[in-house]
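**Q** Please find start.txt (compact mmCIF, C-alpha atoms) on the next line:
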```
# COMPACT_ATOMS: atom_id res chain seq x y z
CA MET A 1 36.72 31.89 -8.43
CA ASN A 2 39.56 33.96 -6.99
CA GLN A 3 40.90 31.21 -4.76
CA ASP A 4 43.41 28.62 -5.96
CA ASN A 5 41.58 25.32 -6.14
CA THR A 6 44.53 23.26 -7.37
CA ASN A 7 45.21 21.66 -3.97
CA ALA A 8 41.60 20.46 -3.74
CA TYR A 9 42.07 18.18 -6.76
CA PRO A 10 44.36 15.15 -7.02
CA VAL A 11 47.54 15.46 -9.07
CA LYS A 12 46.65 12.09 -10.55
CA GLY A 13 43.27 10.46 -10.54
CA ARG A 14 39.71 11.71 -10.82
CA VAL A 15 36.98 13.50 -8.90
CA ILE A 16 33.53 12.03 -9.50
CA LEU A 17 30.15 13.21 -8.25
CA HIS A 18 27.11 10.97 -7.97
CA ILE A 19 23.87 12.98 -7.91
CA ASP A 20 20.92 11.04 -6.54
CA MET A 21 17.51 12.70 -6.49
CA ASN A 22 15.65 11.96 -3.25
CA ALA A 23 12.20 10.31 -3.48
CA PHE A 24 12.19 11.70 -7.00
CA TYR A 25 8.64 11.00 -8.24
CA CYS A 26 6.99 12.19 -5.02
CA SER A 27 9.34 15.18 -4.77
CA VAL A 28 8.39 16.26 -8.31
CA HIS A 29 4.70 16.23 -7.44
CA GLU A 30 5.43 18.19 -4.26
CA ALA A 31 7.39 20.77 -6.28
CA VAL A 32 4.57 21.17 -8.81
CA GLU A 33 1.69 21.21 -6.31
CA PRO A 34 3.13 22.12 -2.88
CA GLU A 35 -0.27 23.24 -1.60
CA ILE A 36 -1.46 19.64 -1.88
CA TYR A 37 1.59 17.50 -1.20
CA LYS A 38 4.29 19.46 0.69
CA GLY A 39 5.30 17.67 3.87
CA LYS A 40 2.51 15.10 3.48
CA PRO A 41 2.88 11.32 3.33
CA THR A 42 2.57 10.60 -0.40
CA ALA A 43 3.11 7.60 -2.65
CA VAL A 44 3.15 7.06 -6.38
CA ALA A 45 1.27 3.85 -7.15
CA GLY A 46 0.89 1.93 -10.37
CA SER A 47 -2.84 1.61 -9.77
CA VAL A 48 -4.36 4.11 -7.35
CA GLU A 49 -7.91 2.85 -7.92
CA LEU A 50 -7.31 -0.72 -6.80
CA ARG A 51 -6.09 -1.57 -3.33
CA LYS A 52 -4.04 -4.39 -4.85
CA GLY A 53 -1.83 -1.92 -6.71
CA ILE A 54 1.82 -1.59 -5.70
CA ILE A 55 3.65 1.41 -4.20
CA VAL A 56 6.27 2.49 -6.76
CA THR A 57 7.91 5.06 -4.46
CA CYS A 58 6.95 7.15 -1.45
CA SER A 59 7.91 10.41 0.23
CA TYR A 60 10.12 10.62 3.32
CA ALA A 61 7.07 11.61 5.36
CA ALA A 62 5.44 8.36 4.24
CA ARG A 63 8.57 6.35 4.99
CA ALA A 64 8.55 7.74 8.52
CA ARG A 65 5.10 6.16 8.89
CA GLY A 66 6.31 2.73 7.78
CA ILE A 67 5.45 2.90 4.06
CA LYS A 68 7.88 1.08 1.77
CA THR A 69 8.36 0.61 -1.97
CA GLY A 70 6.72 -2.61 -3.15
CA MET A 71 3.93 -2.53 -0.57
CA LEU A 72 0.41 -3.25 -1.72
CA VAL A 73 -1.70 -0.09 -1.78
CA GLY A 74 -4.26 -1.65 0.56
CA GLN A 75 -1.55 -2.59 3.04
CA ALA A 76 -0.04 0.91 2.86
CA LEU A 77 -3.41 2.57 3.53
CA LYS A 78 -3.92 0.40 6.60
CA GLN A 79 -0.46 1.40 7.82
CA CYS A 80 -1.05 5.09 7.04
CA PRO A 81 -4.72 5.99 6.41
CA GLU A 82 -3.81 9.61 5.55
CA LEU A 83 -1.46 8.48 2.76
CA LEU A 84 -2.03 10.48 -0.45
CA LEU A 85 -1.89 8.25 -3.54
CA ILE A 86 -0.67 9.79 -6.81
CA ARG A 87 -1.03 8.48 -10.34
CA PRO A 88 2.37 8.31 -12.18
CA ASP A 89 3.15 11.08 -14.68
CA PHE A 90 6.31 10.00 -16.52
CA ASP A 91 6.31 12.92 -18.92
CA LEU A 92 6.55 15.22 -15.92
CA TYR A 93 9.35 13.15 -14.36
CA TRP A 94 11.34 13.20 -17.60
CA GLN A 95 11.03 16.98 -17.84
CA PHE A 96 12.50 17.38 -14.35
CA SER A 97 15.14 14.74 -15.11
CA ARG A 98 16.39 16.72 -18.10
CA ARG A 99 16.38 19.92 -16.08
CA PHE A 100 18.50 18.63 -13.19
CA MET A 101 20.95 16.98 -15.60
CA ASN A 102 21.22 20.22 -17.56
CA ILE A 103 22.39 21.88 -14.33
CA ALA A 104 25.06 19.19 -13.98
CA TYR A 105 26.17 19.78 -17.59
CA GLU A 106 26.97 23.39 -16.72
CA PHE A 107 29.85 22.18 -14.53
CA SER A 108 31.22 19.42 -16.78
CA PRO A 109 30.55 17.90 -20.19
CA LEU A 110 31.25 14.48 -18.64
CA VAL A 111 27.79 13.49 -17.39
CA GLU A 112 26.51 9.90 -17.43
CA ALA A 113 22.79 9.36 -16.81
CA MET A 114 22.26 6.10 -14.94
CA SER A 115 18.49 6.36 -14.65
CA ILE A 116 15.80 8.99 -14.64
CA ASP A 117 16.85 10.22 -11.18
CA GLU A 118 20.62 9.76 -10.92
CA CYS A 119 23.81 10.58 -12.79
CA TYR A 120 27.59 10.63 -12.49
CA VAL A 121 29.57 13.80 -13.19
CA ASP A 122 33.35 13.78 -13.74
CA ILE A 123 34.58 17.17 -12.45
CA THR A 124 38.30 16.39 -12.61
CA GLY A 125 38.76 19.23 -15.12
CA SER A 126 36.32 21.65 -13.49
CA LYS A 127 38.71 23.54 -11.19
CA GLN A 128 37.50 26.88 -12.58
CA PHE A 129 34.17 26.36 -10.80
CA GLY A 130 35.70 25.87 -7.36
CA THR A 131 36.58 22.98 -5.09
CA PRO A 132 34.71 19.69 -5.43
CA VAL A 133 32.72 20.47 -2.29
CA HIS A 134 31.84 23.95 -3.59
CA ILE A 135 30.67 22.49 -6.93
CA ALA A 136 28.54 19.87 -5.16
CA GLU A 137 27.04 22.50 -2.87
CA THR A 138 26.28 24.77 -5.84
CA ILE A 139 24.61 21.99 -7.84
CA GLN A 140 22.56 20.91 -4.83
CA ARG A 141 21.52 24.50 -4.07
CA ARG A 142 20.52 25.20 -7.67
CA ILE A 143 18.46 22.00 -7.91
CA ARG A 144 16.75 22.96 -4.65
CA GLU A 145 16.12 26.61 -5.64
CA GLU A 146 15.35 26.20 -9.36
CA LEU A 147 13.49 22.88 -9.29
CA LEU A 148 12.40 22.75 -5.63
CA LEU A 149 13.81 19.22 -5.41
CA PRO A 150 16.07 17.56 -2.82
CA CYS A 151 19.13 15.56 -3.82
CA SER A 152 22.09 13.83 -2.23
CA ILE A 153 25.57 14.03 -3.73
CA GLY A 154 28.57 11.78 -3.22
CA ILE A 155 32.12 12.98 -3.91
CA ALA A 156 34.81 10.37 -4.53
CA PRO A 157 37.76 9.36 -6.73
CA ASN A 158 35.66 6.83 -8.66
CA LYS A 159 32.08 5.96 -9.57
CA LEU A 160 31.70 3.12 -7.06
CA LEU A 161 32.67 5.23 -4.05
CA ALA A 162 30.69 8.22 -5.32
CA LYS A 163 27.58 6.03 -5.45
CA MET A 164 28.25 4.68 -1.96
CA ALA A 165 28.84 8.22 -0.66
CA SER A 166 25.57 9.60 -2.04
CA ASP A 167 23.67 6.96 -0.05
CA MET A 168 25.22 8.03 3.26
CA LYS A 169 23.12 11.13 3.92
CA LYS A 170 19.54 11.34 2.68
CA PRO A 171 17.80 13.59 1.96
CA ASN A 172 19.86 16.68 1.03
CA GLY A 173 23.25 15.28 2.06
CA ILE A 174 26.74 15.77 0.66
CA SER A 175 29.31 13.10 1.56
CA ILE A 176 32.97 12.59 0.70
CA LEU A 177 34.40 9.07 0.48
CA ARG A 178 38.11 8.77 -0.25
CA LYS A 179 40.00 5.58 -0.93
CA ARG A 180 41.76 5.90 2.42
CA ASP A 181 38.36 6.10 4.16
CA VAL A 182 37.24 2.69 2.89
CA PRO A 183 38.59 0.54 5.79
CA ASN A 184 36.95 2.69 8.49
CA VAL A 185 33.73 3.49 6.66
CA LEU A 186 32.92 0.36 4.64
CA TRP A 187 34.75 -2.68 5.90
CA ASN A 188 32.50 -3.35 8.89
CA ARG A 189 29.38 -3.33 6.68
CA PRO A 190 27.71 -6.47 5.30
CA CYS A 191 28.64 -7.43 1.75
CA ALA A 192 25.10 -6.82 0.53
CA GLU A 193 25.55 -3.08 1.12
CA LEU A 194 28.21 -2.78 -1.57
CA TYR A 195 26.79 -1.36 -4.78
CA GLY A 196 26.63 -4.12 -7.39
CA ILE A 197 26.32 -7.04 -4.98
CA GLY A 198 22.87 -8.62 -5.13
CA ALA A 199 21.16 -10.87 -2.62
CA LYS A 200 22.26 -14.09 -4.34
CA THR A 201 25.92 -13.04 -4.42
CA ALA A 202 25.76 -11.92 -0.77
CA ASP A 203 24.24 -15.28 0.24
CA LYS A 204 26.94 -17.15 -1.64
CA LEU A 205 29.62 -15.07 0.09
CA LYS A 206 28.08 -15.93 3.46
CA ARG A 207 28.36 -19.62 2.63
CA LEU A 208 32.06 -18.97 2.08
CA ASN A 209 32.16 -17.37 5.54
CA ILE A 210 32.63 -13.91 4.00
CA HIS A 211 30.13 -11.66 5.81
CA THR A 212 31.65 -8.17 5.80
CA LEU A 213 33.27 -6.00 3.15
CA GLY A 214 36.50 -6.13 5.14
CA GLN A 215 36.50 -9.92 4.90
CA LEU A 216 35.78 -9.65 1.17
CA ALA A 217 38.61 -7.14 0.72
CA HIS A 218 41.06 -9.62 2.26
CA ALA A 219 39.57 -12.79 0.77
CA ASN A 220 41.64 -15.20 -1.27
CA GLU A 221 41.31 -14.08 -4.88
CA LYS A 222 41.77 -17.60 -6.18
CA LEU A 223 38.83 -18.77 -4.08
CA LEU A 224 36.68 -15.89 -5.34
CA THR A 225 37.59 -16.63 -8.95
CA GLU A 226 36.73 -20.31 -8.49
CA GLN A 227 33.33 -19.37 -7.09
CA PHE A 228 32.42 -16.33 -9.19
CA GLY A 229 34.55 -16.58 -12.33
CA VAL A 230 35.94 -13.32 -13.69
CA MET A 231 33.67 -11.41 -11.29
CA GLY A 232 35.65 -12.75 -8.33
CA ALA A 233 38.56 -10.36 -8.80
CA THR A 234 36.14 -7.48 -9.38
CA LEU A 235 34.36 -8.19 -6.08
CA LYS A 236 37.66 -8.04 -4.20
CA ARG A 237 38.69 -4.79 -5.92
CA SER A 238 35.31 -3.22 -5.22
CA ALA A 239 35.54 -4.12 -1.53
CA ASN A 240 38.87 -2.29 -1.52
CA GLY A 241 37.22 0.76 -3.11
CA GLU A 242 38.77 0.29 -6.53
CA ASP A 243 36.88 1.14 -9.72
CA GLU A 244 38.44 2.30 -12.98
CA SER A 245 35.25 2.55 -15.05
CA PRO A 246 34.99 5.92 -16.86
CA VAL A 247 32.05 8.29 -16.87
CA GLN A 248 30.41 7.49 -20.22
CA THR A 249 29.33 10.83 -21.65
CA GLU A 250 27.98 9.48 -24.94
CA HIS A 251 25.76 6.50 -24.43
CA GLU A 252 26.89 3.91 -26.90
CA GLN A 253 24.38 2.22 -29.12
CA SER A 254 21.76 0.70 -26.88
CA LYS A 255 22.83 -2.62 -25.41
CA SER A 256 19.22 -3.44 -24.70
CA ILE A 257 15.73 -2.03 -25.07
CA GLY A 258 13.21 -3.07 -22.46
CA HIS A 259 9.82 -2.31 -21.01
CA THR A 260 8.02 -3.72 -17.96
CA THR A 261 4.56 -3.16 -16.54
CA THR A 262 3.19 -3.86 -13.09
CA LEU A 263 -0.27 -5.43 -13.18
CA PRO A 264 -3.14 -4.14 -10.99
CA THR A 265 -4.09 -7.67 -9.91
CA ASN A 266 -2.55 -11.12 -10.12
CA PHE A 267 -2.93 -12.43 -13.68
CA THR A 268 -3.35 -16.15 -14.24
CA GLU A 269 -5.26 -16.40 -17.54
CA ARG A 270 -3.08 -17.00 -20.59
CA SER A 271 -5.23 -14.65 -22.71
CA ASP A 272 -4.59 -11.75 -20.31
CA ILE A 273 -0.87 -12.50 -20.16
CA HIS A 274 -0.62 -12.75 -23.94
CA ARG A 275 -2.34 -9.36 -24.30
CA VAL A 276 0.26 -7.80 -22.00
CA PHE A 277 3.08 -9.35 -24.01
CA LEU A 278 1.51 -8.08 -27.26
CA ASN A 279 1.44 -4.51 -25.97
CA LEU A 280 4.98 -4.77 -24.63
CA ALA A 281 6.24 -6.27 -27.91
CA ASP A 282 4.55 -3.48 -29.83
CA GLN A 283 6.34 -0.75 -27.90
CA VAL A 284 9.82 -2.29 -27.66
CA GLY A 285 9.63 -3.09 -31.38
CA ARG A 286 8.72 0.51 -32.14
CA ARG A 287 11.62 1.83 -30.08
CA LEU A 288 13.93 -0.68 -31.77
CA ARG A 289 12.95 0.59 -35.22
CA ARG A 290 13.22 4.20 -34.11
CA GLN A 291 16.89 3.58 -33.31
CA LYS A 292 17.35 1.62 -36.57
CA LEU A 293 18.40 -1.52 -34.71
CA ILE A 294 17.58 -5.21 -34.90
CA ALA A 295 17.54 -7.70 -32.03
CA HIS A 296 19.05 -11.15 -31.81
CA THR A 297 17.67 -12.11 -28.38
CA VAL A 298 14.35 -11.72 -26.56
CA GLN A 299 14.29 -11.81 -22.76
CA ILE A 300 11.19 -11.81 -20.57
CA THR A 301 10.88 -10.74 -16.93
CA ILE A 302 8.25 -12.30 -14.65
CA ARG A 303 7.50 -11.31 -11.05
CA ASP A 304 5.10 -13.13 -8.77
CA PRO A 305 2.95 -11.63 -5.95
CA ASP A 306 5.77 -12.30 -3.44
CA MET A 307 8.06 -10.01 -5.49
CA LYS A 308 10.24 -12.92 -6.63
CA THR A 309 11.55 -12.20 -10.12
CA ILE A 310 12.92 -14.43 -12.86
CA THR A 311 14.28 -13.65 -16.32
CA ARG A 312 14.47 -16.06 -19.25
CA ALA A 313 15.91 -15.43 -22.70
CA SER A 314 16.14 -17.12 -26.07
CA LYS A 315 18.08 -16.38 -29.22
CA LEU A 316 15.98 -15.82 -32.31
CA ASN A 317 16.44 -17.90 -35.45
CA ALA A 318 17.01 -14.63 -37.31
CA PRO A 319 17.42 -11.05 -36.03
CA THR A 320 14.23 -9.01 -36.12
CA GLU A 321 12.57 -5.63 -35.67
CA ASN A 322 9.03 -6.98 -35.96
CA ARG A 323 6.43 -6.99 -33.20
CA GLU A 324 5.09 -10.42 -34.15
CA ASP A 325 8.48 -12.13 -33.84
CA ILE A 326 9.09 -10.52 -30.46
CA TYR A 327 5.60 -11.36 -29.23
CA HIS A 328 5.74 -15.04 -30.25
CA ALA A 329 9.19 -15.47 -28.70
CA ALA A 330 8.01 -13.89 -25.42
CA CYS A 331 4.91 -16.08 -25.26
CA LYS A 332 6.91 -19.24 -25.93
CA LEU A 333 9.40 -18.34 -23.18
CA PHE A 334 6.51 -17.82 -20.78
CA GLU A 335 4.89 -21.13 -21.72
CA ASP A 336 8.19 -22.96 -21.31
CA HIS A 337 9.21 -21.45 -17.98
CA TRP A 338 6.10 -20.47 -15.98
CA PRO A 339 3.66 -23.05 -14.59
CA SER A 340 0.09 -22.82 -15.84
CA GLY A 341 -2.16 -20.98 -13.39
CA LYS A 342 0.68 -19.57 -11.28
CA PRO A 343 -0.11 -15.88 -10.61
CA VAL A 344 1.91 -13.07 -12.21
CA ARG A 345 2.28 -9.50 -10.91
CA LEU A 346 4.76 -7.96 -13.36
CA LEU A 347 5.77 -8.76 -16.94
CA GLY A 348 8.49 -7.33 -19.14
CA ILE A 349 10.22 -7.78 -22.47
CA THR A 350 13.83 -6.80 -23.11
CA LEU A 351 15.52 -6.99 -26.52
CA GLN A 352 19.21 -7.82 -26.36
CA HIS A 353 22.25 -8.28 -28.61
CA LEU A 354 21.29 -5.26 -30.70
CA LEU A 355 23.06 -4.26 -33.89
CA ALA A 356 22.60 -1.49 -36.42
CA LYS A 357 20.14 -2.71 -39.02
CA ASP A 358 22.07 -1.38 -42.03
CA GLU A 359 25.26 -3.15 -40.90
CA VAL A 360 23.83 -6.65 -40.55
CA PRO A 361 23.08 -8.95 -43.48
CA VAL A 362 19.75 -10.47 -42.50
CA GLN A 363 19.50 -14.14 -43.37
CA LEU A 364 15.99 -14.97 -44.62
CA ASP A 365 14.65 -18.46 -45.09
CA LEU A 366 13.11 -19.69 -48.32
CA PHE A 367 9.55 -18.99 -47.19
CA ASP A 368 10.16 -15.58 -45.63
CA TYR A 369 12.21 -13.62 -48.14
CA LYS A 370 9.19 -12.57 -50.22
CA LYS A 371 7.29 -11.41 -47.14
CA GLN A 372 10.11 -9.34 -45.60
CA PRO A 373 9.85 -6.25 -47.86
CA ALA A 374 6.10 -6.14 -47.26
CA LYS A 375 6.64 -6.34 -43.49
CA GLU A 376 9.15 -3.48 -43.64
CA LYS A 377 6.79 -1.29 -45.65
CA LEU A 378 3.97 -2.05 -43.23
CA ASN A 379 6.17 -1.16 -40.25
CA GLN A 380 7.25 2.09 -41.91
CA ALA A 381 3.66 3.06 -42.69
CA MET A 382 2.42 2.28 -39.18
CA ASP A 383 5.34 4.10 -37.55
CA ALA A 384 4.76 7.15 -39.76
CA LEU A 385 1.08 7.27 -38.81
CA ARG A 386 1.90 6.97 -35.12
CA ASP A 387 4.56 9.66 -35.36
CA LYS A 388 1.99 12.00 -36.86
CA PHE A 389 -1.21 11.10 -35.02
CA GLY A 390 -0.02 9.50 -31.78
CA GLU A 391 0.65 6.02 -30.46
CA HIS A 392 -3.04 5.08 -30.44
CA ALA A 393 -3.49 5.81 -34.15
CA ILE A 394 -3.22 2.11 -35.04
CA LEU A 395 -3.97 -0.75 -32.66
CA THR A 396 -4.87 -4.37 -33.16
CA ALA A 397 -7.84 -5.91 -31.39
CA GLY A 398 -5.51 -8.06 -29.30
CA MET A 399 -3.98 -4.96 -27.68
CA LEU A 400 -7.24 -3.68 -26.22
CA GLY A 401 -7.95 -4.14 -22.53
CA ASP A 402 -8.05 -2.38 -19.17
CA ASP A 403 -4.71 -3.38 -17.64
CA PRO A 404 -1.62 -1.09 -17.51
CA SER A 405 -0.05 -2.75 -20.57
CA THR A 406 -2.69 -1.01 -22.70
CA LEU A 407 -1.46 2.34 -21.34
CA ILE A 408 2.21 2.00 -22.22
CA ARG A 409 1.69 4.02 -25.39
CA ASN A 410 0.55 6.88 -23.12
CA HIS A 411 3.83 8.51 -22.06
CA LYS A 412 2.05 10.42 -19.31
CA ALA A 413 0.20 7.58 -17.61
CA ARG A 414 2.11 4.39 -18.38
CA GLY A 415 3.40 2.09 -15.69
CA THR A 416 6.91 1.16 -14.64
CA SER A 417 9.30 1.33 -17.56
CA LEU A 418 12.91 0.54 -18.28
CA GLN A 419 12.90 3.14 -21.01
CA MET A 420 15.77 5.65 -20.91
CA ASP A 421 15.77 6.83 -24.52
CA HIS A 422 15.28 10.44 -23.42
CA LEU A 423 18.55 10.33 -21.47
CA LYS A 424 20.62 9.49 -24.55
CA ARG A 425 20.34 12.98 -25.99
CA LYS A 426 22.62 15.83 -25.08
CA PRO A 427 20.83 18.70 -23.34
CA LEU A 428 19.44 21.28 -25.74
CA GLY A 429 17.65 23.38 -23.19
CA ASP A 430 14.63 22.56 -21.09
CA GLU A 431 11.83 20.76 -22.86
```
When written as structure tokens, how does the structure in this file appear?

**A**
Amino acid sequence: MNQDNTNAYPVKGRVILHIDMNAFYCSVHEAVEPEIYKGKPTAVAGSVELRKGIIVTCSYAARARGIKTGMLVGQALKQCPELLLIRPDFDLYWQFSRRFMNIAYEFSPLVEAMSIDECYVDITGSKQFGTPVHIAETIQRRIREELLLPCSIGIAPNKLLAKMASDMKKPNGISILRKRDVPNVLWNRPCAELYGIGAKTADKLKRLNIHTLGQLAHANEKLLTEQFGVMGATLKRSANGEDESPVQTEHEQSKSIGHTTTLPTNFTERSDIHRVFLNLADQVGRRLRRQKLIAHTVQITIRDPDMKTITRASKLNAPTENREDIYHAACKLFEDHWPSGKPVRLLGITLQHLLAKDEVPVQLDLFDYKKQPAKEKLNQAMDALRDKFGEHAILTAGMLGDDPSTLIRNHKARGTSLQMDHLKRKPLGDE
């Protein structure tokens, strides 16, 4: 660039971009097969065969016709009979995810992947590529021309405001949100619109007569701390547009490993639910061993047909990497916290409090210490066979069935997943 870009960057402080891919799954399918999907109302659904499946995401053309994420497929088809339903292809999504993040890496080494379709980029030291607006425009144009995908980009002095800015214009928008803009742009909005504030927190704020972000920004910090603990001060700072969190370029050792699956129908039978947990335990355990970690805590996620979600967790007697331990802990949590016969629409297992296996002295009880080496050898043998011949090389009878949990070993067809392992690698070129 011939122009002097110095004045476009702060003397002190940062410049952060938040890149948010628009209707990512549907946009990927449109890019790959425009003759079928371009401009059409489309939706990716966990189960396209059954009308009781759930809409995972939908195109903007579908949204204009009243389709929303979380709708039942049958309900969506009544709302929009011409809706085109698409089976998920997560391998394809991950390929495009790597490609758009590789474009971001060309403008800064400071890229933090937040999910498969969004990332932060710290361009504070990227003056050689132009002004922040020019960099954002270039990234957006390249993603559109090279990948045929739309994206929105927020430009701000911190991650919080960059995230808020990227939501302002969709699709294909670029928005700037400075700290000085916060009173005029954000303070008249309801608290629930601030990134990081969930429905429960927003409801609690309403009970305190705090309805807008402006009211939250001026709220008594002592009151907030009494009500929300250490998060109280953070809520007030966020409402004032303050956020010091850095862009994490190297993902630290996984803080959790999780996997969820949406079920095609409401499950009520314990045998069906246990089979889902067995398949989930199998895959999270495999990913745990792949990263050479052990877990101290097992958490389950349960969602009912009304989309109400609960999580419950328990600490294990001893840290583990074994499928059986994870499975039994998940089943016990379910038995303890979910009424018999109450329908379930989504199940998940998340392993928490993870530590490197070779750094933790595992305490074995008197009856288990002789079995542990045999378990490790069995795990190693099974993992080696799966690495060579595929995830279906070895299955137990209890894993077999026709629900989505039996597909989670199929990286192309599996259902909703929390997995982000592929985002923890630095880009090495398109895969």

**Q** What are the centre and edge lengths in Å, to one decimal, of the axis-aligned box around all listed atoms of range 195-214 of chain A with 5 Å added on each side, as lines of an AutoDock Vina configuration file?

**A**
```
center_x = 28.8
center_y = -10.5
center_z = -0.8
size_x = 25.3
size_y = 28.3
size_z = 23.2
```

**Q** If we draw a sphere of 6 Å around (-1.8, -4.1, -7.1), which residues have at least one atom in it when counting only C-alpha atoms? Please report them as a JSON list (two decimals) with C-alpha atoms, in the frame of the given file.

**A**
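Writing done, so here's result_0.json:
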```json
[["chain", "number", "residue", "atom", "x", "y", "z"],
["A", 52, "LYS", "CA", -4.04, -4.39, -4.85],
["A", 53, "GLY", "CA", -1.83, -1.92, -6.71],
["A", 54, "ILE", "CA", 1.82, -1.59, -5.70],
["A", 72, "LEU", "CA", 0.41, -3.25, -1.72],
["A", 264, "PRO", "CA", -3.14, -4.14, -10.99],
["A", 265, "THR", "CA", -4.09, -7.67, -9.91]]
```

**Q** Can you pull out the residues contacting range 150-156 of chain A? Cut-off 8 Å, using only C-alpha atoms, and skip same-chain residues under 6 positions away; I want them as a count of residues only.

**A** 32

**Q** Need the shell around range 303-316 of chain A: protein/DNA/RNA residues with any atom at most 8 Å away, counting only C-alpha atoms. Skip same-chain ones fewer than 6 positions apart. Format as a PyMOL selection string?

**A** chain A and resi 70+266+296-297+329+333+337+343-347

**Q** Quick one: everything within 9 Å of range 209-218 of chain A, counting all atoms listed in the file, minus sequence neighbours fewer than 3 positions away in the same chain. Send it as a list in words.

**A**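 Here the answer would be Pro183, Leu186, Trp187, Asn188, Arg189, Pro190, Cys191, Ala192, Glu193, Leu194, Ala202, Asp203, Lys204, Leu205, Lys206, Glu221, Leu235, Lys236, Arg237, Ser238, Ala239, Asn240 and Gly241 of chain A.
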
**Q** Can you tell me how far CA of Gly196 in chain A sits from CA of Ile294 in chain A, in Å to one decimal?

**A**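 Separation between CA of Gly196 in chain A and CA of Ile294 in chain A: 29.0 Å.
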
**Q** Let me make sure I understand: among A:Leu293, A:Ile300, A:Leu85, A:Tyr120, which one has the smallest atom-to-atom distance to Ile36 in chain A if we use all atoms listed in the file?

**A**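 Selected residue with least distance to Ile36 in chain A: A:Leu85.
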
**Q** Show me, as a list in words, the residues that have an atom within 8 Å of Ile349 in chain A when counting all atoms listed in the file, minus same-chain residues fewer than 5 positions from it.

**A** Gly258, His259, Thr260, Phe277, Leu280, Ala281, Val284, Val298, Gln299, Ile300, Thr301 and Ala330 of chain A

**Q** So the first atom is CA of Thr42 in chain A and the second is CA of Ala61 in chain A; what is the distance between them in Å, to one decimal place?

**A**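 Between CA of Thr42 in chain A and CA of Ala61 in chain A the gap is 7.4 Å.
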
**Q** Could you please determine the separation between CA of Pro34 in chain A and CA of Arg98 in chain A in Å, to one decimal place?

**A** 20.9 Å

**Q** Write out as a PyMOL selection string each polymer residue whose atoms come within 9 Å of His274 in chain A, counting all atoms listed in the file; drop sequence neighbours fewer than 4 positions from it.

**A** chain A and resi 269-270+278-279+327+330-331+398

**Q** Between A:Gly39, A:Pro319, A:Pro81, A:Pro88, which residue has the minimum interatomic distance to Thr57 in chain A, considering all atoms listed in the file?

**A**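 Ranked by minimum distance to Thr57 in chain A, first place goes to A:Pro88.
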